[in-house]
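Heads up, upload_35.cif below (mmCIF, C-alpha atoms):
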```cif
data_model
#
loop_
_atom_site.label_atom_id
_atom_site.label_comp_id
_atom_site.auth_asym_id
_atom_site.auth_seq_id
_atom_site.Cartn_x
_atom_site.Cartn_y
_atom_site.Cartn_z
CA MET A 1 -80.09 60.48 -163.88
CA GLU A 2 -83.50 59.91 -165.45
CA CYS A 3 -86.25 60.64 -162.91
CA ALA A 4 -89.20 61.29 -165.20
CA PRO A 5 -91.54 58.76 -166.80
CA SER A 6 -90.37 57.51 -170.19
CA SER A 7 -91.69 59.72 -172.99
CA ASN A 8 -92.82 56.70 -175.02
CA PHE A 9 -95.21 55.50 -172.31
CA LYS A 10 -98.77 55.05 -173.58
CA GLU A 11 -101.92 55.00 -171.46
CA SER A 12 -102.90 51.62 -172.90
CA THR A 13 -99.74 49.76 -171.85
CA ARG A 14 -100.08 46.91 -169.39
CA HIS A 15 -99.45 47.36 -165.67
CA THR A 16 -95.91 45.95 -165.85
CA ASP A 17 -94.95 48.61 -168.37
CA TYR A 18 -96.52 51.30 -166.20
CA PHE A 19 -94.45 50.14 -163.23
CA LYS A 20 -91.22 49.95 -165.24
CA ASN A 21 -91.68 53.13 -167.26
CA VAL A 22 -93.37 55.39 -164.72
CA VAL A 23 -92.68 54.20 -161.19
CA GLU A 24 -89.23 52.60 -161.27
CA PRO A 25 -87.46 55.74 -162.61
CA LEU A 26 -88.90 57.74 -159.69
CA LEU A 27 -87.42 55.28 -157.18
CA ALA A 28 -83.82 56.00 -158.21
CA ASN A 29 -81.51 57.85 -155.82
CA GLY A 30 -81.77 61.59 -156.26
CA CYS A 31 -85.35 61.47 -157.52
CA GLU A 32 -87.05 61.85 -154.13
CA ASP A 33 -88.59 65.23 -155.02
CA LYS A 34 -90.26 63.90 -158.16
CA LEU A 35 -91.32 60.73 -156.35
CA CYS A 36 -93.06 62.75 -153.64
CA GLU A 37 -94.84 64.87 -156.22
CA TRP A 38 -96.05 61.69 -157.95
CA LEU A 39 -97.21 60.28 -154.60
CA LYS A 40 -99.15 63.49 -153.92
CA LYS A 41 -100.67 63.58 -157.40
CA ASN A 42 -101.99 60.04 -156.99
CA GLY A 43 -103.32 60.59 -153.46
CA LEU A 44 -100.80 58.18 -151.92
CA ILE A 45 -99.63 60.86 -149.47
CA SER A 46 -101.31 64.05 -148.29
CA LYS A 47 -100.91 67.21 -150.36
CA GLN A 48 -101.11 69.28 -147.19
CA LEU A 49 -101.13 68.67 -143.43
CA CYS A 50 -101.93 71.12 -140.64
CA CYS A 51 -100.50 71.01 -137.13
CA ASN A 52 -103.13 69.89 -134.62
CA ASN A 53 -101.45 71.38 -131.55
CA ASP A 54 -103.81 73.89 -129.93
CA GLU A 55 -101.25 76.69 -129.82
CA CYS A 56 -100.58 76.40 -133.57
CA GLY A 57 -104.14 77.01 -134.74
CA GLN A 58 -104.04 74.51 -137.63
CA GLU A 59 -100.85 76.01 -139.00
CA PRO A 60 -100.01 74.44 -142.39
CA MET A 61 -96.99 72.16 -142.09
CA ARG A 62 -94.09 72.31 -144.53
CA TRP A 63 -91.71 69.85 -146.14
CA SER A 64 -88.38 69.38 -144.41
CA LYS A 65 -85.46 67.22 -145.48
CA ALA A 66 -84.64 64.60 -142.87
CA ARG A 67 -82.41 61.59 -142.32
CA VAL A 68 -85.28 59.13 -142.56
CA ILE A 69 -86.10 56.40 -145.06
CA ASP A 70 -88.37 58.74 -147.09
CA ARG A 71 -85.84 61.64 -146.94
CA TYR A 72 -88.58 64.11 -145.91
CA ASN A 73 -90.87 64.94 -142.98
CA TRP A 74 -93.76 67.30 -142.45
CA ILE A 75 -92.76 70.00 -139.92
CA CYS A 76 -94.68 72.76 -138.18
CA VAL A 77 -92.82 76.06 -138.42
CA LYS A 78 -94.28 77.19 -135.06
CA CYS A 79 -93.83 74.28 -132.66
CA LYS A 80 -91.41 72.24 -134.79
CA LYS A 81 -93.62 69.17 -134.53
CA LYS A 82 -92.73 66.57 -137.14
CA LEU A 83 -94.84 63.98 -138.91
CA PRO A 84 -93.78 61.38 -141.49
CA ILE A 85 -94.87 62.08 -145.05
CA ARG A 86 -96.86 58.83 -144.94
CA HIS A 87 -99.01 60.10 -142.05
CA GLU A 88 -102.64 58.85 -142.19
CA THR A 89 -102.13 56.79 -145.37
CA PHE A 90 -102.04 53.05 -145.98
CA LEU A 91 -98.26 53.43 -146.39
CA ALA A 92 -97.81 54.55 -142.79
CA ASP A 93 -97.62 51.09 -141.22
CA LEU A 94 -95.35 49.58 -143.87
CA LYS A 95 -91.85 49.67 -142.43
CA CYS A 96 -89.84 49.55 -145.62
CA ASP A 97 -88.80 51.86 -148.44
CA PHE A 98 -91.07 52.89 -151.29
CA GLY A 99 -89.16 50.73 -153.76
CA SER A 100 -89.97 47.58 -151.76
CA ILE A 101 -93.61 48.61 -151.35
CA PHE A 102 -94.24 49.24 -155.03
CA SER A 103 -92.28 46.15 -156.07
CA ALA A 104 -94.58 44.09 -153.83
CA ILE A 105 -97.68 45.75 -155.29
CA ASP A 106 -96.39 45.02 -158.79
CA GLY A 107 -95.74 41.44 -157.67
CA TRP A 108 -99.35 41.11 -156.51
CA CYS A 109 -100.54 42.52 -159.84
CA SER A 110 -98.40 39.97 -161.70
CA HIS A 111 -99.40 36.98 -159.52
CA LYS A 112 -95.79 36.57 -158.39
CA LEU A 113 -94.77 34.64 -155.31
CA LEU A 114 -93.14 36.83 -152.68
CA THR A 115 -89.94 34.81 -152.94
CA GLU A 116 -89.59 35.80 -156.60
CA PHE A 117 -88.62 39.38 -155.82
CA SER A 118 -87.92 39.70 -152.08
CA ASP A 119 -84.41 39.86 -150.62
CA SER A 120 -84.22 38.66 -147.02
CA LYS A 121 -81.43 41.15 -146.30
CA THR A 122 -83.49 44.21 -147.16
CA TYR A 123 -87.07 43.05 -147.30
CA LYS A 124 -89.17 41.15 -144.80
CA VAL A 125 -91.50 38.64 -146.36
CA ALA A 126 -94.00 39.41 -143.59
CA VAL A 127 -94.26 42.97 -144.92
CA GLY A 128 -94.79 41.61 -148.42
CA LYS A 129 -97.57 39.35 -147.16
CA ARG A 130 -99.20 42.36 -145.54
CA ILE A 131 -99.03 44.33 -148.78
CA TYR A 132 -100.52 41.41 -150.72
CA SER A 133 -103.31 41.16 -148.15
CA MET A 134 -104.00 44.89 -148.41
CA CYS A 135 -104.24 44.67 -152.21
CA THR A 136 -106.68 41.77 -152.01
CA SER A 137 -108.78 43.57 -149.39
CA ALA A 138 -108.85 46.72 -151.52
CA ALA A 139 -109.95 44.72 -154.57
CA GLU A 140 -112.65 42.97 -152.55
CA SER A 141 -113.88 46.27 -151.10
CA TYR A 142 -114.06 47.89 -154.55
CA MET A 143 -116.10 45.06 -156.04
CA LYS A 144 -118.50 45.01 -153.09
CA ASN A 145 -119.00 48.76 -153.40
CA HIS A 146 -119.72 48.44 -157.13
CA PRO A 147 -122.31 45.65 -157.41
CA GLU A 148 -123.24 46.88 -160.89
CA LEU A 149 -119.99 45.30 -162.13
CA GLY A 150 -121.46 41.91 -161.26
CA VAL A 151 -124.40 42.36 -163.64
CA LEU A 152 -123.30 40.94 -166.97
CA GLY A 153 -124.51 40.51 -170.54
CA GLY A 154 -127.18 42.51 -172.34
CA LYS A 155 -126.41 44.29 -175.58
CA THR A 156 -122.79 44.58 -176.71
CA ALA A 157 -121.23 47.81 -177.98
CA ASP A 158 -122.08 46.63 -181.52
CA GLY A 159 -125.73 46.09 -180.62
CA GLU A 160 -125.45 42.32 -180.57
CA ASP A 161 -126.86 40.09 -177.83
CA ALA A 162 -124.03 39.17 -175.48
CA VAL A 163 -123.23 35.48 -174.97
CA VAL A 164 -123.12 34.70 -171.26
CA ILE A 165 -121.94 31.33 -169.96
CA VAL A 166 -123.46 30.02 -166.72
CA ASP A 167 -121.89 27.00 -165.06
CA VAL A 168 -120.95 25.47 -161.73
CA PHE A 169 -117.60 24.22 -160.47
CA PRO A 170 -116.69 21.35 -160.35
CA ASP A 171 -119.69 19.53 -161.83
CA GLY A 172 -120.19 21.48 -165.04
CA SER A 173 -118.34 21.79 -168.34
CA MET A 174 -115.66 24.30 -167.37
CA THR A 175 -112.72 22.03 -168.13
CA LEU A 176 -111.96 19.03 -170.31
CA GLN A 177 -109.69 17.59 -167.61
CA PRO A 178 -111.23 14.73 -165.61
CA GLN A 179 -112.35 16.00 -162.20
CA ASN A 180 -112.47 13.96 -159.01
CA ASN A 181 -115.39 15.87 -157.56
CA ASN A 182 -114.95 14.15 -154.22
CA ASN A 183 -111.86 16.31 -153.72
CA TYR A 184 -113.87 19.51 -154.10
CA THR A 185 -116.07 20.41 -151.16
CA LYS A 186 -116.88 23.95 -152.31
CA LYS A 187 -119.24 24.39 -155.25
CA VAL A 188 -119.04 27.72 -157.06
CA LEU A 189 -121.66 29.23 -159.37
CA CYS A 190 -119.83 30.99 -162.20
CA ILE A 191 -121.08 33.46 -164.83
CA ALA A 192 -118.90 34.76 -167.68
CA ASP A 193 -119.70 37.57 -170.14
CA THR A 194 -117.82 36.66 -173.33
CA SER A 195 -118.38 40.04 -174.99
CA HIS A 196 -115.36 41.33 -173.04
CA GLY A 197 -111.75 40.33 -173.54
CA PRO A 198 -110.86 38.72 -171.24
CA ALA A 199 -114.34 37.56 -170.29
CA ARG A 200 -115.79 39.28 -167.25
CA VAL A 201 -116.62 36.83 -164.51
CA TRP A 202 -118.96 36.82 -161.54
CA THR A 203 -118.73 34.00 -158.99
CA GLN A 204 -120.46 32.94 -155.79
CA LEU A 205 -120.00 30.09 -153.33
CA LEU A 206 -123.11 27.93 -153.08
CA ASP A 207 -124.37 27.31 -149.55
CA THR A 208 -126.10 24.13 -150.67
CA SER A 209 -126.02 22.00 -153.79
CA TYR A 210 -127.79 23.38 -156.85
CA GLU A 211 -130.06 20.35 -156.79
CA ASP A 212 -131.38 21.36 -153.36
CA ASP A 213 -131.79 25.05 -154.11
CA SER A 214 -132.72 25.39 -157.77
CA ASN A 215 -134.90 28.44 -157.05
CA LYS A 216 -131.89 30.31 -155.70
CA ILE A 217 -129.90 29.41 -158.82
CA VAL A 218 -132.63 30.87 -161.02
CA GLU A 219 -132.91 34.02 -158.88
CA THR A 220 -129.15 34.49 -158.97
CA VAL A 221 -128.95 34.14 -162.75
CA ILE A 222 -131.79 36.65 -163.21
CA ALA A 223 -130.07 39.07 -160.82
CA HIS A 224 -126.69 38.88 -162.55
CA VAL A 225 -127.50 38.40 -166.24
CA LYS A 226 -129.19 41.24 -168.10
CA PRO A 227 -132.11 40.61 -170.46
CA ASN A 228 -131.31 40.38 -174.17
CA SER A 229 -128.49 37.95 -173.45
CA ILE A 230 -127.86 34.52 -174.93
CA ILE A 231 -127.25 32.13 -172.05
CA VAL A 232 -125.10 29.06 -172.64
CA THR A 233 -125.12 26.61 -169.76
CA SER A 234 -123.83 23.15 -168.97
CA HIS A 235 -126.02 20.09 -168.83
CA VAL A 236 -126.08 20.10 -165.02
CA LEU A 237 -127.68 23.57 -164.81
CA TYR A 238 -129.75 23.52 -168.00
CA PRO A 239 -132.80 21.84 -166.40
CA TYR A 240 -133.00 24.62 -163.81
CA VAL A 241 -132.56 27.64 -166.08
CA LYS A 242 -134.00 26.52 -169.43
CA ASN A 243 -137.40 28.12 -168.82
CA ILE A 244 -136.17 31.52 -167.61
CA SER A 245 -137.92 34.25 -169.61
CA GLY A 246 -136.55 37.58 -170.80
CA TYR A 247 -133.49 36.18 -172.56
CA THR A 248 -132.87 35.81 -176.27
CA GLU A 249 -132.09 32.13 -175.89
CA VAL A 250 -131.01 29.59 -173.26
CA ILE A 251 -128.75 26.98 -174.84
CA ASN A 252 -127.47 23.70 -173.47
CA ILE A 253 -123.78 23.40 -174.23
CA LYS A 254 -124.50 19.99 -175.71
CA ALA A 255 -126.34 21.76 -178.53
CA LEU A 256 -123.12 23.60 -179.42
CA MET A 257 -121.19 20.36 -179.45
CA THR A 258 -123.39 18.80 -182.12
CA SER A 259 -121.70 20.87 -184.82
CA ASP A 260 -118.19 19.89 -183.69
CA PRO A 261 -116.25 17.04 -185.31
CA ALA A 262 -116.19 14.06 -182.97
CA GLU A 263 -112.40 14.12 -182.74
CA TYR A 264 -112.17 17.85 -181.99
CA GLN A 265 -114.23 19.31 -179.19
CA LYS A 266 -113.93 22.92 -180.41
CA SER A 267 -116.79 24.35 -178.34
CA LEU A 268 -115.62 22.77 -175.13
CA LYS A 269 -112.02 23.83 -175.75
CA ASN A 270 -113.12 27.43 -176.32
CA ILE A 271 -115.14 27.37 -173.12
CA GLU A 272 -112.25 25.78 -171.23
CA THR A 273 -110.02 28.68 -172.31
CA ILE A 274 -112.59 31.21 -171.07
CA TRP A 275 -112.84 29.47 -167.69
CA ALA A 276 -109.12 28.69 -167.19
CA THR A 277 -108.35 31.34 -164.58
CA THR A 278 -111.68 30.81 -162.82
CA VAL A 279 -111.12 27.05 -162.58
CA GLU A 280 -107.65 27.65 -161.16
CA THR A 281 -109.07 29.92 -158.46
CA CYS A 282 -111.91 27.50 -157.66
CA GLN A 283 -109.35 24.75 -157.18
CA GLN A 284 -107.13 26.89 -154.96
CA ILE A 285 -109.92 27.82 -152.52
CA GLN A 286 -110.99 24.25 -151.78
CA ASN A 287 -108.80 23.90 -148.67
CA THR A 288 -109.43 27.38 -147.30
CA SER A 289 -112.08 28.58 -144.88
CA PRO A 290 -115.15 30.39 -146.31
CA ASN A 291 -113.98 33.97 -145.71
CA PRO A 292 -110.61 33.67 -147.51
CA ALA A 293 -112.34 31.65 -150.24
CA GLU A 294 -114.88 34.42 -150.85
CA GLN A 295 -112.12 37.02 -150.81
CA SER A 296 -110.23 35.09 -153.49
CA LEU A 297 -113.35 35.03 -155.65
CA TRP A 298 -113.78 38.80 -155.26
CA GLU A 299 -110.13 39.25 -156.26
CA LEU A 300 -110.71 37.04 -159.31
CA GLN A 301 -113.59 39.25 -160.43
CA TRP A 302 -111.51 42.40 -159.88
CA ARG A 303 -108.65 41.02 -161.96
CA GLN A 304 -110.96 40.10 -164.85
CA ILE A 305 -111.93 43.78 -165.10
CA PHE A 306 -108.74 45.66 -164.16
CA GLY A 307 -106.01 43.08 -164.74
CA LEU A 308 -104.56 44.63 -167.90
CA ASP A 309 -103.90 47.85 -165.99
CA ALA A 310 -103.84 46.38 -162.51
CA PHE A 311 -101.02 48.47 -161.00
CA ARG A 312 -102.58 51.83 -161.72
CA TYR A 313 -106.04 50.75 -160.57
CA ILE A 314 -104.95 48.95 -157.42
CA LEU A 315 -103.18 52.13 -156.31
CA GLN A 316 -106.45 54.05 -156.70
CA HIS A 317 -108.43 51.36 -154.89
CA LEU A 318 -105.86 51.10 -152.08
CA VAL A 319 -106.26 54.83 -151.48
CA GLN A 320 -110.07 54.53 -151.49
CA TYR A 321 -109.96 51.51 -149.18
CA SER A 322 -107.52 53.19 -146.80
CA ASN A 323 -109.57 56.40 -146.68
CA ALA A 324 -112.74 54.41 -145.94
CA GLN A 325 -110.99 52.47 -143.18
CA HIS A 326 -109.60 55.68 -141.67
CA SER A 327 -112.98 57.39 -141.87
CA SER A 328 -114.66 54.42 -140.19
CA THR A 329 -112.07 54.39 -137.40
CA SER A 330 -112.33 58.14 -136.85
CA SER A 331 -116.14 58.08 -136.63
CA SER A 332 -116.41 55.05 -134.36
CA PRO A 333 -117.13 55.73 -130.66
CA LYS A 334 -114.12 55.61 -128.37
#
```

Please rewrite the model in this file as structure tokens.
Amino acid sequence: MECAPSSNFKESTRHTDYFKNVVEPLLANGCEDKLCEWLKKNGLISKQLCCNNDECGQEPMRWSKARVIDRYNWICVKCKKKLPIRHETFLADLKCDFGSIFSAIDGWCSHKLLTEFSDSKTYKVAVGKRIYSMCTSAAESYMKNHPELGVLGGKTADGEDAVVIVDVFPDGSMTLQPQNNNNYTKKVLCIADTSHGPARVWTQLLDTSYEDDSNKIVETVIAHVKPNSIIVTSHVLYPYVKNISGYTEVINIKALMTSDPAEYQKSLKNIETIWATTVETCQQIQNTSPNPAEQSLWELQWRQIFGLDAFRYILQHLVQYSNAQHSSTSSSPK
């Protein structure tokens, strides 16, 4: 039985290939040893635990085969105390096998509905929802802890001035589809750096309308767009940002449209493609409360950066998030 990652796996393959070529083979029966080594290598379980009973003096615990879902326990050779191999990890509270856990994580990475891969006989949808929620929280936490990722534009790798699009949903020029703006109560300021593929996006819910708080719009653009950028903005925001200094140029999208044939709105169609995923998210958050809406926007930004290798990165960020949560709980007063 093949338990090792496929030899033709390349580091640049997308997350679905990583899951199929690296993770799935380790989930086969008889591959528990290699699976545990992979879990250790990636920080998903502890490489070593010590017994915390006073009489054991922090005696290192050892692996022991057991009739449990993970096939192994940690065991103290002195007092025979046992701990699950998931002890003090984000996996500890997930009451299902590793195959179900990693399938759910891959489902989150692929934007799948839980019903697309869950089996009610072996897999509780509630557990899948919890895993999805954990992934979103980990992505949100990572983005908040790395604010530099929300500063876009500047010089490209080729030394060119990056083109950065600044717009607002739903009133701007993010889509060619007619919008009934009365259906959208949440306005979202959106910035996209087109020098990346896909474009890197930064978004923020607006507390008030841009008409009432134009100074905040300007401050936000300056804070999130580097100098030496070319800013392209829709007609609704252009009056507020046209006089910002420090940028190569601030262009009204209408100026781009002047070179397009009347029957073919090339510039707008290109911009619509760039904004497609962002528009979808902005539409989805309209009927949610502010906190879940903001979390969805953080997830959107995370996916724009890590989406092509989402599985590998979300595992890293889940470990970081879990460790931070555990550290915070351990240090809080009892």

Result set of the PyMOL selection byres ((chain A and resi 128-142) around 10) on the coordinates above, as a PyMOL selection string: chain A and resi 90-91+93-94+96+100-109+111+113-115+117-118+123-127+143-147+149+294-303+306+313-322+324

Interatomic distance, CA of Val218 (chain A) to CA of Val241 (chain A) (Å, one decimal): 6.0 Å

Computed interatomic separation between CA of Glu249 (chain A) and CA of Trp275 (chain A) (Å): 21.1 Å

Of the listed residues A:Met174, A:Ala293, A:Ala223, A:Val151, that which approaches Leu205 (chain A) most closely, counting all atoms listed in the file: A:Ala293

Given the PyMOL selection byres ((chain A and resi 199) around 10), the residues it picks as number ranges by chain: A: 164-165, 191-198, 200-202, 274-275, 304-305

Chain and number of each residue from the PyMOL selection byres ((chain A and resi 50) around 7), as a PyMOL selection string: chain A and resi 48-49+51-52+58-61

Counting all atoms listed in the file, the option among A:Tyr184, A:Ile285, A:Ile231, A:Phe98 closest to Asp161 (chain A):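 Ranking A:Tyr184, A:Ile285, A:Ile231, A:Phe98 by distance to Asp161 (chain A), first place goes to A:Ile231.
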
Long-range neighbours of region 65-74 of chain A as a list in words, 6 Å cut-off, only C-alpha atoms, 5 positions minimum in chain: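 The contact residues come out as Lys82, Leu83, Pro84 and Ile85 of chain A.
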
Atomic distance CA of Ala276 (chain A) - CA of Ser245 (chain A), expressed in Å with one decimal: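 Rounded to one decimal, the two atoms are 29.4 Å apart.
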
Please write out, as lines of an AutoDock Vina configuration file, where the centre of an axis-aligned box around all listed atoms of region 50-67 of chain A lies and how long its edges are, in Å to one decimal, after adding 6 Å on each side.
```
center_x = -93.3
center_y = 69.3
center_z = -138.0
size_x = 33.7
size_y = 27.4
size_z = 28.3
```

Neighbours of point (-130.5, 29.5, -161.2) within 10 Å, using all atoms listed in the file, written as a PyMOL selection string: chain A and resi 166-167+189+210+213-223+237-242+244

Spatial neighbours of Gly159 (chain A), max dist 12 Å, all atoms listed in the file, sep filter under 5 positions, as a VMD selection string: chain A and resid 153 to 154 195 228 to 229

Spatial neighbours of Ser46 (chain A), max dist 8 Å, all atoms listed in the file, sep filter under 6 positions, as JSON, numbers by chain: {"A": [40, 85, 86, 87, 89]}

Test item: which residues lie within 7 Å of (-115.9, 24.7, -158.9) counting all atoms listed in the file, as a PyMOL selection string: chain A and resi 168-170+186-188+279+282-283

How would region 299-320 of chain A read, as a short mmCIF file (atom, residue, chain, number, x, y, z; two decimals), in the frame of the given file, once N, CA, C and O atoms are built in?
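Heads up, here's the output in result.cif:
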```
data_model
loop_
_atom_site.label_atom_id
_atom_site.label_comp_id
_atom_site.auth_asym_id
_atom_site.auth_seq_id
_atom_site.Cartn_x
_atom_site.Cartn_y
_atom_site.Cartn_z
N GLU A 299 -111.36 38.84 -155.59
CA GLU A 299 -110.13 39.25 -156.26
C GLU A 299 -110.13 38.78 -157.72
O GLU A 299 -109.72 39.52 -158.62
N LEU A 300 -110.60 37.56 -157.95
CA LEU A 300 -110.71 37.04 -159.31
C LEU A 300 -111.55 37.96 -160.18
O LEU A 300 -111.17 38.31 -161.31
N GLN A 301 -112.70 38.38 -159.66
CA GLN A 301 -113.59 39.25 -160.43
C GLN A 301 -112.93 40.59 -160.71
O GLN A 301 -113.05 41.15 -161.81
N TRP A 302 -112.22 41.12 -159.71
CA TRP A 302 -111.51 42.40 -159.88
C TRP A 302 -110.47 42.28 -160.99
O TRP A 302 -110.36 43.15 -161.86
N ARG A 303 -109.71 41.20 -160.97
CA ARG A 303 -108.65 41.02 -161.96
C ARG A 303 -109.21 40.87 -163.38
O ARG A 303 -108.57 41.32 -164.35
N GLN A 304 -110.37 40.26 -163.53
CA GLN A 304 -110.96 40.10 -164.85
C GLN A 304 -111.31 41.45 -165.46
O GLN A 304 -111.35 41.61 -166.68
N ILE A 305 -111.57 42.45 -164.61
CA ILE A 305 -111.93 43.78 -165.10
C ILE A 305 -110.71 44.68 -165.23
O ILE A 305 -110.54 45.37 -166.24
N PHE A 306 -109.84 44.68 -164.23
CA PHE A 306 -108.74 45.66 -164.16
C PHE A 306 -107.36 45.06 -164.40
O PHE A 306 -106.36 45.77 -164.33
N GLY A 307 -107.30 43.76 -164.69
CA GLY A 307 -106.01 43.08 -164.74
C GLY A 307 -105.02 43.63 -165.74
O GLY A 307 -103.81 43.62 -165.49
N LEU A 308 -105.48 44.13 -166.89
CA LEU A 308 -104.56 44.63 -167.90
C LEU A 308 -103.91 45.95 -167.47
O LEU A 308 -102.87 46.33 -168.03
N ASP A 309 -104.49 46.61 -166.52
CA ASP A 309 -103.90 47.85 -165.99
C ASP A 309 -103.97 47.82 -164.47
O ASP A 309 -104.33 48.79 -163.81
N ALA A 310 -103.61 46.65 -163.93
CA ALA A 310 -103.84 46.38 -162.51
C ALA A 310 -103.08 47.33 -161.59
O ALA A 310 -103.62 47.79 -160.58
N PHE A 311 -101.83 47.66 -161.92
CA PHE A 311 -101.02 48.47 -161.00
C PHE A 311 -101.64 49.84 -160.77
O PHE A 311 -101.79 50.30 -159.65
N ARG A 312 -102.01 50.48 -161.83
CA ARG A 312 -102.58 51.83 -161.72
C ARG A 312 -103.89 51.80 -160.93
O ARG A 312 -104.14 52.64 -160.07
N TYR A 313 -104.74 50.80 -161.23
CA TYR A 313 -106.04 50.75 -160.57
C TYR A 313 -105.94 50.31 -159.12
O TYR A 313 -106.68 50.81 -158.27
N ILE A 314 -105.03 49.39 -158.81
CA ILE A 314 -104.95 48.95 -157.42
C ILE A 314 -104.43 50.09 -156.54
O ILE A 314 -104.82 50.19 -155.37
N LEU A 315 -103.60 50.96 -157.08
CA LEU A 315 -103.18 52.13 -156.31
C LEU A 315 -104.39 53.00 -155.97
O LEU A 315 -104.55 53.44 -154.82
N GLN A 316 -105.24 53.25 -156.95
CA GLN A 316 -106.45 54.05 -156.70
C GLN A 316 -107.34 53.38 -155.66
O GLN A 316 -107.86 54.04 -154.75
N HIS A 317 -107.51 52.08 -155.78
CA HIS A 317 -108.43 51.36 -154.89
C HIS A 317 -107.84 51.18 -153.50
O HIS A 317 -108.58 51.12 -152.52
N LEU A 318 -106.50 51.11 -153.40
CA LEU A 318 -105.86 51.10 -152.08
C LEU A 318 -106.10 52.41 -151.35
O LEU A 318 -106.38 52.43 -150.15
N VAL A 319 -106.00 53.52 -152.08
CA VAL A 319 -106.26 54.83 -151.48
C VAL A 319 -107.71 54.92 -151.02
O VAL A 319 -107.99 55.36 -149.89
N GLN A 320 -108.64 54.50 -151.86
CA GLN A 320 -110.07 54.53 -151.49
C GLN A 320 -110.35 53.64 -150.29
O GLN A 320 -111.06 54.04 -149.36
#
```
